[in-house]
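entry11.txt follows (compact mmCIF, C-alpha atoms):
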# COMPACT_ATOMS: atom_id res chain seq x y z
CA MET A 626 -11.59 -39.91 -10.36
CA ASP A 627 -13.70 -39.86 -13.53
CA LEU A 628 -15.10 -36.72 -15.13
CA ASP A 629 -18.67 -37.14 -13.81
CA ALA A 630 -17.39 -37.58 -10.25
CA TYR A 631 -15.20 -34.49 -10.58
CA LEU A 632 -18.02 -32.33 -11.97
CA LYS A 633 -20.37 -33.39 -9.19
CA ARG A 634 -17.88 -32.93 -6.36
CA PHE A 635 -16.26 -29.69 -7.49
CA ASN A 636 -19.19 -27.76 -8.98
CA GLY A 637 -18.17 -28.30 -12.57
CA ARG A 638 -20.32 -27.09 -15.45
CA GLN A 639 -21.79 -29.09 -18.26
CA ALA A 640 -20.11 -28.80 -21.65
CA ILE A 641 -20.36 -25.37 -23.25
CA VAL A 642 -18.73 -25.73 -26.69
CA ALA A 643 -21.02 -27.62 -29.05
CA THR A 644 -18.49 -28.33 -31.80
CA LYS A 645 -17.03 -31.82 -31.62
CA PRO A 646 -13.25 -31.84 -30.94
CA ARG A 647 -10.67 -33.62 -33.08
CA SER A 648 -10.42 -37.30 -32.12
CA ASN A 649 -6.71 -36.99 -31.29
CA LEU A 650 -6.90 -33.70 -29.36
CA SER A 651 -3.82 -33.65 -27.13
CA GLY A 652 -4.18 -30.48 -25.07
CA VAL A 653 -6.15 -27.32 -24.38
CA ILE A 654 -4.85 -23.81 -23.62
CA VAL A 655 -7.18 -21.65 -21.53
CA ILE A 656 -6.99 -17.85 -21.81
CA PRO A 657 -9.14 -15.68 -19.49
CA CYS A 658 -9.99 -12.36 -21.11
CA PHE A 659 -11.39 -9.27 -19.37
CA ARG A 660 -11.22 -6.02 -21.34
CA GLU A 661 -7.91 -7.01 -22.89
CA PRO A 662 -6.84 -4.54 -25.60
CA ASP A 663 -4.05 -6.76 -26.95
CA TRP A 664 -5.91 -10.08 -27.19
CA GLU A 665 -5.31 -10.31 -30.95
CA LEU A 666 -1.53 -10.10 -30.49
CA THR A 667 -1.72 -13.09 -28.14
CA LEU A 668 -3.81 -15.16 -30.54
CA GLN A 669 -1.65 -14.17 -33.51
CA SER A 670 1.37 -15.28 -31.51
CA LEU A 671 -0.22 -18.72 -31.20
CA ILE A 672 -1.14 -18.86 -34.90
CA THR A 673 2.43 -18.15 -35.95
CA CYS A 674 3.74 -21.01 -33.78
CA GLU A 675 5.15 -24.09 -35.46
CA PRO A 676 2.24 -26.54 -35.88
CA PRO A 677 2.09 -29.20 -33.15
CA SER A 678 2.07 -32.89 -34.06
CA SER A 679 -1.43 -33.32 -32.56
CA PRO A 680 -4.39 -30.91 -32.50
CA ILE A 681 -4.57 -28.32 -29.72
CA GLU A 682 -7.53 -26.14 -28.80
CA ILE A 683 -7.51 -22.57 -27.48
CA LEU A 684 -10.40 -21.59 -25.18
CA ILE A 685 -10.79 -17.83 -24.71
CA VAL A 686 -12.96 -17.21 -21.63
CA LEU A 687 -14.45 -13.74 -21.99
CA ASN A 688 -15.58 -12.77 -18.49
CA ASP A 689 -16.85 -9.94 -16.33
CA SER A 690 -18.98 -9.49 -13.22
CA GLU A 691 -22.66 -8.73 -12.83
CA ALA A 692 -21.50 -5.80 -10.68
CA ASP A 693 -19.51 -4.21 -13.51
CA THR A 694 -20.78 -1.02 -15.13
CA PRO A 695 -23.10 -1.02 -18.16
CA GLU A 696 -20.21 0.42 -20.17
CA ILE A 697 -18.03 -2.59 -19.34
CA HIS A 698 -20.85 -5.01 -20.19
CA SER A 699 -21.38 -3.29 -23.53
CA GLU A 700 -17.66 -3.29 -24.27
CA ASN A 701 -17.37 -6.98 -23.49
CA GLN A 702 -20.44 -7.90 -25.54
CA ASP A 703 -18.82 -6.20 -28.54
CA LEU A 704 -15.54 -7.97 -27.76
CA LEU A 705 -17.34 -11.32 -27.58
CA LYS A 706 -18.65 -10.86 -31.10
CA THR A 707 -15.31 -9.63 -32.42
CA ILE A 708 -13.25 -12.47 -30.97
CA SER A 709 -15.87 -15.05 -32.02
CA GLN A 710 -15.73 -13.83 -35.61
CA TRP A 711 -11.94 -13.77 -35.51
CA SER A 712 -11.81 -17.32 -34.15
CA MET A 713 -14.05 -18.79 -36.83
CA SER A 714 -11.80 -17.48 -39.56
CA HIS A 715 -8.49 -18.61 -38.06
CA ASP A 716 -8.99 -22.31 -37.28
CA THR A 717 -6.49 -24.74 -38.77
CA ASP A 718 -6.28 -28.52 -38.72
CA GLN A 719 -3.93 -28.44 -35.75
CA LEU A 720 -5.22 -25.36 -33.91
CA GLN A 721 -8.87 -24.57 -33.13
CA PHE A 722 -10.20 -21.53 -31.27
CA HIS A 723 -13.38 -21.32 -29.18
CA VAL A 724 -14.78 -18.34 -27.29
CA ILE A 725 -16.65 -19.01 -24.05
CA ASN A 726 -19.27 -16.51 -22.89
CA ALA A 727 -18.68 -16.05 -19.15
CA LEU A 728 -20.13 -12.56 -18.91
CA GLU A 729 -21.98 -11.20 -15.86
CA LEU A 730 -20.67 -13.80 -13.45
CA PRO A 731 -21.93 -13.65 -9.83
CA GLU A 732 -20.17 -10.79 -8.04
CA LYS A 733 -19.09 -13.01 -5.14
CA ASN A 734 -16.83 -15.19 -7.30
CA ALA A 735 -16.28 -13.24 -10.51
CA GLY A 736 -12.62 -12.89 -11.34
CA VAL A 737 -9.66 -14.58 -12.94
CA GLY A 738 -9.90 -17.71 -10.78
CA LEU A 739 -13.46 -18.48 -11.81
CA ALA A 740 -12.67 -17.62 -15.44
CA ARG A 741 -9.77 -20.07 -15.43
CA LYS A 742 -11.95 -22.73 -13.76
CA ILE A 743 -14.71 -22.34 -16.35
CA GLY A 744 -12.18 -22.72 -19.15
CA MET A 745 -10.23 -25.57 -17.59
CA ASP A 746 -13.38 -27.50 -16.70
CA GLU A 747 -14.48 -27.09 -20.30
CA ALA A 748 -11.08 -28.41 -21.36
CA LEU A 749 -11.92 -31.62 -19.48
CA HIS A 750 -15.08 -31.99 -21.56
CA ARG A 751 -13.14 -31.39 -24.78
CA LEU A 752 -10.46 -33.96 -23.90
CA SER A 753 -13.05 -36.47 -22.69
CA CYS A 754 -15.12 -36.12 -25.86
CA SER A 755 -11.96 -36.68 -27.93
CA GLY A 756 -11.17 -39.86 -25.99
CA ASN A 757 -7.90 -38.42 -24.68
CA LEU A 758 -8.71 -37.44 -21.09
CA GLU A 759 -6.12 -39.82 -19.61
CA ARG A 760 -3.21 -38.45 -21.64
CA GLY A 761 -4.38 -34.88 -22.26
CA TRP A 762 -3.08 -31.70 -20.68
CA ILE A 763 -4.44 -28.24 -19.85
CA ALA A 764 -2.33 -25.07 -19.95
CA GLY A 765 -2.87 -21.53 -18.74
CA LEU A 766 -2.01 -18.42 -20.74
CA ASP A 767 -3.08 -14.78 -20.41
CA ALA A 768 -4.54 -12.48 -23.05
CA ASP A 769 -1.63 -10.06 -22.85
CA CYS A 770 1.17 -12.57 -23.42
CA LEU A 771 3.25 -13.58 -26.39
CA CYS A 772 5.06 -16.87 -26.87
CA GLN A 773 8.03 -18.25 -28.76
CA PRO A 774 7.30 -19.98 -32.09
CA ASN A 775 8.03 -23.43 -30.60
CA TYR A 776 5.58 -22.93 -27.69
CA LEU A 777 2.86 -25.33 -28.91
CA LYS A 778 5.26 -28.07 -29.99
CA ALA A 779 7.27 -27.76 -26.78
CA LEU A 780 4.13 -28.04 -24.62
CA ASP A 781 2.83 -31.10 -26.41
CA SER A 782 6.23 -32.75 -26.55
CA HIS A 783 6.83 -32.17 -22.84
CA PHE A 784 3.77 -34.18 -21.81
CA GLN A 785 4.51 -36.89 -24.37
CA LYS A 786 8.07 -37.28 -23.09
CA ASN A 787 7.02 -37.04 -19.43
CA PRO A 788 3.84 -39.16 -19.24
CA HIS A 789 3.99 -39.33 -15.43
CA THR A 790 4.38 -35.61 -14.79
CA SER A 791 1.60 -33.99 -12.78
CA GLY A 792 2.20 -30.63 -14.41
CA CYS A 793 4.86 -28.10 -15.23
CA SER A 794 5.88 -24.49 -14.91
CA ILE A 795 6.82 -22.91 -18.23
CA TYR A 796 9.84 -20.68 -18.60
CA TYR A 797 8.97 -16.99 -18.97
CA GLU A 798 10.72 -13.68 -19.53
CA HIS A 799 9.35 -10.15 -19.35
CA PRO A 800 10.56 -7.95 -22.21
CA LEU A 801 13.38 -5.62 -21.19
CA GLU A 802 12.74 -2.99 -23.86
CA GLY A 803 10.10 -1.98 -26.37
CA SER A 804 7.63 0.75 -27.32
CA LEU A 805 6.57 1.62 -23.75
CA PRO A 806 8.51 4.01 -21.50
CA GLN A 807 11.79 2.36 -20.51
CA GLU A 808 11.02 2.73 -16.81
CA ILE A 809 8.10 0.30 -17.22
CA TYR A 810 10.50 -2.34 -18.49
CA ASN A 811 12.97 -1.53 -15.72
CA THR A 812 10.29 -1.97 -13.06
CA ALA A 813 9.07 -5.21 -14.63
CA ALA A 814 12.68 -6.43 -14.57
CA ARG A 815 12.87 -5.70 -10.83
CA TYR A 816 9.63 -7.59 -10.29
CA GLU A 817 10.87 -10.60 -12.26
CA LEU A 818 14.14 -10.43 -10.33
CA HIS A 819 12.08 -10.65 -7.14
CA LEU A 820 10.28 -13.75 -8.46
CA ARG A 821 13.49 -15.45 -9.55
CA TYR A 822 15.30 -14.53 -6.33
CA TYR A 823 12.43 -16.01 -4.31
CA VAL A 824 12.51 -19.36 -6.14
CA GLU A 825 16.30 -19.55 -6.08
CA ALA A 826 16.43 -18.59 -2.40
CA LEU A 827 13.96 -21.36 -1.51
CA ARG A 828 16.09 -23.85 -3.43
CA TYR A 829 19.17 -22.64 -1.56
CA ALA A 830 17.26 -23.06 1.72
CA GLY A 831 16.54 -26.69 0.87
CA PHE A 832 12.84 -26.44 0.08
CA PRO A 833 12.13 -29.32 -2.34
CA HIS A 834 9.15 -27.78 -4.14
CA ALA A 835 10.52 -24.41 -5.26
CA TYR A 836 8.96 -23.58 -8.63
CA HIS A 837 7.58 -20.54 -10.38
CA THR A 838 3.80 -20.27 -10.04
CA ILE A 839 2.69 -17.99 -12.89
CA GLY A 840 -0.85 -18.34 -14.25
CA SER A 841 0.23 -17.49 -17.79
CA ALA A 842 3.06 -20.03 -17.71
CA MET A 843 1.67 -23.24 -16.26
CA ALA A 844 0.19 -26.55 -17.37
CA ALA A 845 -1.22 -29.66 -15.70
CA LYS A 846 -2.14 -33.13 -16.76
CA ALA A 847 -5.93 -33.35 -17.05
CA THR A 848 -6.20 -36.29 -14.65
CA THR A 849 -4.08 -34.47 -12.05
CA TYR A 850 -6.24 -31.37 -12.48
CA MET A 851 -9.30 -33.42 -11.56
CA ALA A 852 -7.59 -35.31 -8.72
CA GLN A 853 -6.54 -32.04 -7.08
CA GLY A 854 -10.02 -30.53 -7.26
CA GLY A 855 -9.50 -28.31 -10.28
CA MET A 856 -8.91 -24.58 -10.33
CA ASN A 857 -10.04 -22.49 -7.36
CA ARG A 858 -12.25 -19.42 -7.70
CA ARG A 859 -9.96 -16.90 -6.04
CA LYS A 860 -10.05 -13.39 -7.44
CA ALA A 861 -6.24 -13.19 -7.23
CA GLY A 862 -3.38 -15.54 -6.45
CA GLU A 863 -5.41 -18.42 -7.93
CA ASP A 864 -2.38 -19.67 -9.85
CA PHE A 865 -0.21 -19.94 -6.73
CA TYR A 866 -2.78 -21.92 -4.75
CA PHE A 867 -3.62 -24.15 -7.70
CA LEU A 868 -0.01 -24.96 -8.54
CA ASN A 869 0.86 -25.48 -4.88
CA LYS A 870 -1.58 -28.41 -4.82
CA ILE A 871 -0.25 -29.81 -8.09
CA ILE A 872 3.38 -29.45 -7.01
CA SER A 873 2.77 -31.07 -3.62
CA SER A 874 1.20 -34.09 -5.34
CA GLY A 875 4.63 -34.94 -6.77
CA HIS A 876 6.24 -35.48 -10.20
CA PHE A 877 6.11 -31.77 -11.05
CA THR A 878 8.46 -30.64 -13.82
CA GLU A 879 9.75 -27.56 -15.63
CA LEU A 880 9.38 -26.77 -19.31
CA ASN A 881 12.39 -24.60 -20.12
CA SER A 882 12.72 -25.15 -23.87
CA THR A 883 10.29 -22.39 -24.83
CA ILE A 884 9.42 -18.91 -23.54
CA VAL A 885 6.19 -17.19 -22.50
CA ILE A 886 6.49 -13.40 -22.68
CA PRO A 887 4.16 -11.62 -20.22
CA SER A 888 3.23 -7.99 -20.75
CA PRO A 889 5.05 -5.46 -18.52
CA ARG A 890 2.19 -2.96 -18.64
CA THR A 891 0.65 -1.51 -15.48
CA SER A 892 -2.65 -2.82 -14.11
CA ASP A 893 -4.80 -2.45 -11.00
CA ARG A 894 -7.20 -5.34 -11.66
CA VAL A 895 -5.71 -7.71 -9.09
CA PRO A 896 -3.52 -7.13 -6.01
CA PHE A 897 -0.72 -9.39 -7.30
CA GLY A 898 1.24 -9.89 -10.48
CA THR A 899 3.32 -7.91 -12.93
CA GLY A 900 0.76 -5.19 -13.66
CA ARG A 901 0.17 -4.30 -10.03
CA ALA A 902 3.88 -4.44 -9.14
CA VAL A 903 4.83 -2.19 -12.07
CA ALA A 904 2.08 0.29 -11.15
CA LYS A 905 3.11 0.34 -7.47
CA TYR A 906 6.87 0.62 -7.88
CA TYR A 907 7.13 2.56 -11.15
CA GLY A 908 9.87 5.15 -10.94
CA GLN A 909 11.23 3.90 -7.61
CA ASP A 910 14.77 2.69 -7.13
CA TYR A 911 13.82 0.44 -4.21
CA PHE A 912 11.94 -2.82 -4.84
CA PRO A 913 11.35 -4.85 -1.64
CA THR A 914 11.73 -8.60 -1.26
CA TYR A 915 12.26 -11.14 1.51
CA SER A 916 15.41 -10.59 3.55
CA TRP A 917 18.38 -12.91 3.21
CA LYS A 918 18.30 -13.30 6.98
CA SER A 919 14.87 -14.92 6.68
CA ILE A 920 16.13 -17.26 3.97
CA GLN A 921 19.07 -18.27 6.16
CA ALA A 922 16.63 -19.02 9.00
CA LEU A 923 14.58 -21.25 6.70
CA LYS A 924 17.74 -23.03 5.58
CA ALA A 925 18.76 -23.74 9.18
CA PHE A 926 15.24 -25.00 9.92
CA PHE A 927 15.08 -27.36 6.94
CA GLU A 928 18.56 -28.70 7.69
CA THR A 929 17.45 -29.49 11.25
CA VAL A 930 14.29 -31.19 9.98
CA ARG A 931 16.30 -33.44 7.66
CA LEU A 932 19.00 -34.30 10.21
CA TYR A 933 16.57 -35.16 12.99
CA ASP A 934 15.36 -38.78 12.94
CA PRO A 935 12.12 -39.00 14.95
CA PHE A 936 12.13 -42.79 14.80
CA THR A 937 15.16 -42.95 17.09
CA GLN A 938 13.48 -40.55 19.50
CA GLY A 939 10.25 -42.39 20.25
CA GLY A 940 8.44 -40.93 17.24
CA LYS A 941 8.38 -37.42 18.67
CA ILE A 942 9.05 -34.12 16.94
CA LEU A 943 11.91 -31.85 17.85
CA THR A 944 9.91 -29.21 19.71
CA LYS A 945 11.35 -25.82 20.54
CA SER A 946 14.92 -27.00 20.09
CA HIS A 947 17.74 -24.48 20.14
CA GLU A 948 18.60 -25.90 16.71
CA ILE A 949 15.43 -24.36 15.28
CA PRO A 950 15.70 -20.57 14.83
CA ALA A 951 13.61 -18.93 17.56
CA ILE A 952 11.62 -16.84 15.10
CA ILE A 953 10.55 -19.98 13.21
CA SER A 954 9.59 -21.67 16.49
CA ASP A 955 7.44 -18.62 17.17
CA TYR A 956 5.83 -18.98 13.75
CA ILE A 957 5.12 -22.69 14.27
CA GLU A 958 3.48 -21.79 17.57
CA THR A 959 1.17 -19.25 15.90
CA VAL A 960 -0.13 -21.78 13.33
CA LYS A 961 -0.40 -24.65 15.84
CA GLY A 962 2.29 -26.34 13.83
CA TRP A 963 3.69 -28.65 16.48
CA GLU A 964 0.56 -30.79 16.31
CA LYS A 965 0.61 -30.74 12.51
CA TRP A 966 4.27 -31.66 12.49
CA GLN A 967 3.58 -34.59 14.80
CA LYS A 968 0.91 -35.88 12.41
CA CYS A 969 3.59 -36.06 9.71
CA ILE A 970 5.31 -38.71 11.86
CA ASP A 971 2.33 -40.62 13.21
CA GLY A 972 1.50 -43.72 11.18
CA THR A 973 4.85 -43.82 9.38
CA ASN A 974 8.00 -45.78 10.12
CA ALA A 975 10.46 -44.43 7.57
CA SER A 976 12.24 -41.10 7.32
CA SER A 977 11.44 -40.79 3.60
CA ALA A 978 7.70 -41.06 4.22
CA TYR A 979 7.93 -38.66 7.15
CA LEU A 980 9.82 -36.04 5.12
CA ARG A 981 7.38 -36.37 2.24
CA ARG A 982 4.52 -35.71 4.64
CA PHE A 983 6.40 -32.87 6.31
CA PHE A 984 6.86 -30.96 3.04
CA GLN A 985 3.25 -31.61 2.08
CA TRP A 986 2.35 -29.76 5.28
CA PHE A 987 5.17 -27.18 5.22
CA ASP A 988 4.50 -26.45 1.56
CA ALA A 989 4.99 -23.32 -0.53
CA PHE A 990 2.06 -21.65 1.20
CA GLN A 991 3.58 -22.29 4.64
CA CYS A 992 6.96 -21.05 3.39
CA MET A 993 5.41 -17.79 2.26
CA LYS A 994 3.43 -17.37 5.49
CA CYS A 995 6.59 -18.06 7.50
CA LEU A 996 8.57 -15.49 5.50
CA HIS A 997 5.81 -12.92 6.01
CA PHE A 998 5.89 -13.66 9.74
CA MET A 999 9.66 -13.16 9.87
CA ARG A 1000 9.35 -9.97 7.81
CA ASP A 1001 6.80 -8.56 10.26
CA ASN A 1002 8.58 -9.72 13.41
CA GLY A 1003 12.09 -8.41 13.14
CA HIS A 1004 13.71 -9.46 9.87
CA GLY A 1005 12.09 -6.82 7.69
CA GLU A 1006 12.69 -6.58 3.93
CA MET A 1007 15.62 -5.75 1.70
CA ASP A 1008 16.11 -4.30 -1.76
CA VAL A 1009 15.79 -6.90 -4.47
CA LEU A 1010 19.22 -6.24 -6.01
CA THR A 1011 20.99 -6.67 -2.66
CA ALA A 1012 18.99 -9.84 -2.02
CA ALA A 1013 19.71 -11.18 -5.52
CA GLN A 1014 23.43 -10.56 -5.02
CA SER A 1015 23.27 -12.70 -1.88
CA VAL A 1016 21.72 -15.65 -3.67
CA LEU A 1017 23.97 -15.25 -6.70
CA ARG A 1018 27.01 -15.61 -4.45
CA THR A 1019 25.80 -19.10 -3.55
CA ILE A 1020 25.73 -19.98 -7.26
CA TYR A 1021 28.76 -18.22 -8.73
CA THR A 1022 31.22 -18.03 -5.82
CA PRO A 1023 34.04 -17.11 -6.01
CA THR A 1024 34.01 -15.56 -9.51
CA TYR A 1025 30.80 -13.65 -8.87
CA GLU A 1026 32.35 -11.69 -5.98
CA LYS A 1027 34.33 -9.58 -8.44
CA LYS A 1028 31.31 -8.43 -10.45
CA THR A 1029 29.46 -5.13 -10.04
CA ILE A 1030 25.99 -5.50 -11.51
CA ASP A 1031 22.61 -3.82 -11.80
CA GLU A 1032 19.13 -5.36 -11.66
CA VAL A 1033 19.05 -6.35 -15.33
CA CYS A 1034 22.46 -8.02 -15.12
CA ALA A 1035 21.40 -9.92 -11.98
CA LEU A 1036 18.19 -10.94 -13.73
CA ARG A 1037 20.11 -12.25 -16.73
CA PHE A 1038 22.31 -14.32 -14.42
CA LEU A 1039 19.28 -15.89 -12.73
CA ARG A 1040 17.46 -16.45 -16.02
CA GLU A 1041 20.43 -18.33 -17.40
CA HIS A 1042 20.82 -20.38 -14.24
CA GLN A 1043 17.12 -21.26 -13.85
CA LYS A 1044 16.62 -22.06 -17.51
CA ALA A 1045 19.32 -24.72 -17.11
CA HIS A 1046 17.68 -26.10 -13.96
CA GLY A 1047 16.68 -29.73 -14.27
CA LYS A 1048 18.56 -30.36 -17.51
Please, can you express the file's structure as structure tokens?
Amino acid sequence: MDLDAYLKRFNGRQAIVATKPRSNLSGVIVIPCFREPDWELTLQSLITCEPPSSPIEILIVLNDSEADTPEIHSENQDLLKTISQWSMSHDTDQLQFHVINALELPEKNAGVGLARKIGMDEALHRLSCSGNLERGWIAGLDADCLCQPNYLKALDSHFQKNPHTSGCSIYYEHPLEGSLPQEIYNTAARYELHLRYYVEALRYAGFPHAYHTIGSAMAAKATTYMAQGGMNRRKAGEDFYFLNKIISSGHFTELNSTIVIPSPRTSDRVPFGTGRAVAKYYGQDYFPTYSWKSIQALKAFFETVRLYDPFTQGGKILTKSHEIPAIISDYIETVKGWEKWQKCIDGTNASSAYLRRFFQWFDAFQCMKCLHFMRDNGHGEMDVLTAAQSVLRTIYTPTYEKKTIDEVCALRFLREHQKAHGK
């Protein structure tokens, strides 16, 4: 798909930034910004990075909704001027900043998803104008994040060394201490433990596409971005749905040689993410996550799927078998999954093709829906530390059994393990 075809099919905008990009522009980092008090810390963090070998652009998408109050509009207009002035005085040969005015967006779609789409679609124009659309990449970052000094070089190097990758998740760590009340850091640690437990549990269960899906720690090849229809306009969870499409397309990778550092501060802007989790569970000892019983059910299901060869059974699926946990059979029934499962077999004659199709249907979104179904229909939830201990036993048995740990210790274990994943 070429750029014109993408723009026409997926409601892309015409180019916004008038300045001509560097001819060898390699990548673009898109940062949505809505009333962010710490935006300058994020941009300074990028400036202090080691210079990349090829030019990179930073697009700051200042956005709000037409339904926002006059006070918010006034605040963002002032911020637009301030960031624009800052950007003009901080460009270097290898790092250029541009501010995109996305203020007073239509109320129906205004939000982080549309802001990311505006910025990422503009990144396509920048890469196309530079003549590097085929090799270029687009990354997401947030305006309350910091990054390690090698962040820019690691990003650029990753796509140079992996020319066939569709995209990557970038390693991240929330700070565990700092100038905020310690309980904020403790709660953020529990939330990150939940995220890392979830990914590790899916890997244990045999799900082949278990990756972190964090909007501030993701990147995609520009051509893959277009082929998958670009960023969606969801007001929340846009990163999960976007990356789910990229991951399912194949050749997804992890960039674990640098670190993105998200803010642990509280926020009520979106129903998901660190800010909302910290605000909701601040001061509480209990942090809920998916039960280990549900993970074990998924594992049994995926093992059955892999062991069953439909091509020796007349090309039929294994419907309502006692080998499939009953609660998962109930879930498949509710989403009319038997028919969808059958379509994964029809038209194929090899197990590898069938399994590839199966996990394109039963993707990360279906995994999450299935886990929610099991949670609401008998399996319930469990505390994140207890759950993390269960998954850690599958990694560190038998030496782990002797350890008594808290949430931060469990988090450090999983960080170390996941950072080494894929090496």
Q: Please identify all polymer residues within 12 Å of Ile1020 of chain A, counting only C-alpha atoms, omitting same-chain residues fewer than 5 positions from it, and present them as an MDAnalysis selection string.
A: chainID A and resid 822 825:826 828:829 1013:1015 1025:1026 1035 1038:1039 1041:1043
Please enclose the listed atoms of segment 858-873 of chain A in an axis-aligned box, pad each side by 6 Å, and write out the centre and the three edge lengths in Å, rounded to one decimal, as JSON.
{"center_x": -4.4, "center_y": -22.1, "center_z": -6.7, "size_x": 27.6, "size_y": 29.9, "size_z": 18.2}
**Q.** Who sits within 10 Å of His819 of chain A, only C-alpha atoms, same chain under 6 positions skipped, as an MDAnalysis selection string
**A.** chainID A and resid 813 825 912:915 1008:1010 1012:1013 1032 1036
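Closest approach to Arg982 of chain A from the set A:Asn857, A:Ser954, A:Gln938, A:Ser873 is made by A:Ser873, with distances taken over all atoms listed in the file.
Interatomic distance, atom CA of Glu729 of chain A against atom CA of Phe659 of chain A: 11.3 Å.
Closest approach to Phe987 of chain A among A:Tyr906, A:Asn1002, A:Asn869, A:Leu632: A:Asn869, based on all atoms listed in the file.
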**Q.** Shell of 10 Å around Ile957 of chain A, only C-alpha atoms, local chain residues under 3 positions omitted, as a list of chain:residue names
**A.**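 My list of contacting residues is A:Thr944, A:Lys945, A:Ala951, A:Ile952, A:Ile953, A:Ser954, A:Val960, A:Lys961, A:Gly962, A:Trp963, A:Glu964, A:Lys965, A:Trp966, A:Gln991, A:Cys995.
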Q: Would you work out the distance separating atom CA of Asp703 of chain A from atom CA of Arg741 of chain A, expressed in Å to one decimal?
A: 21.1 Å
Q. For Arg1037 of chain A, which of A:Lys706, A:Arg647, A:Arg634, A:Arg815 is the closest residue, counting all atoms listed in the file?
A.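 Of A:Lys706, A:Arg647, A:Arg634, A:Arg815, the one nearest Arg1037 of chain A is A:Arg815, counting all atoms listed in the file.
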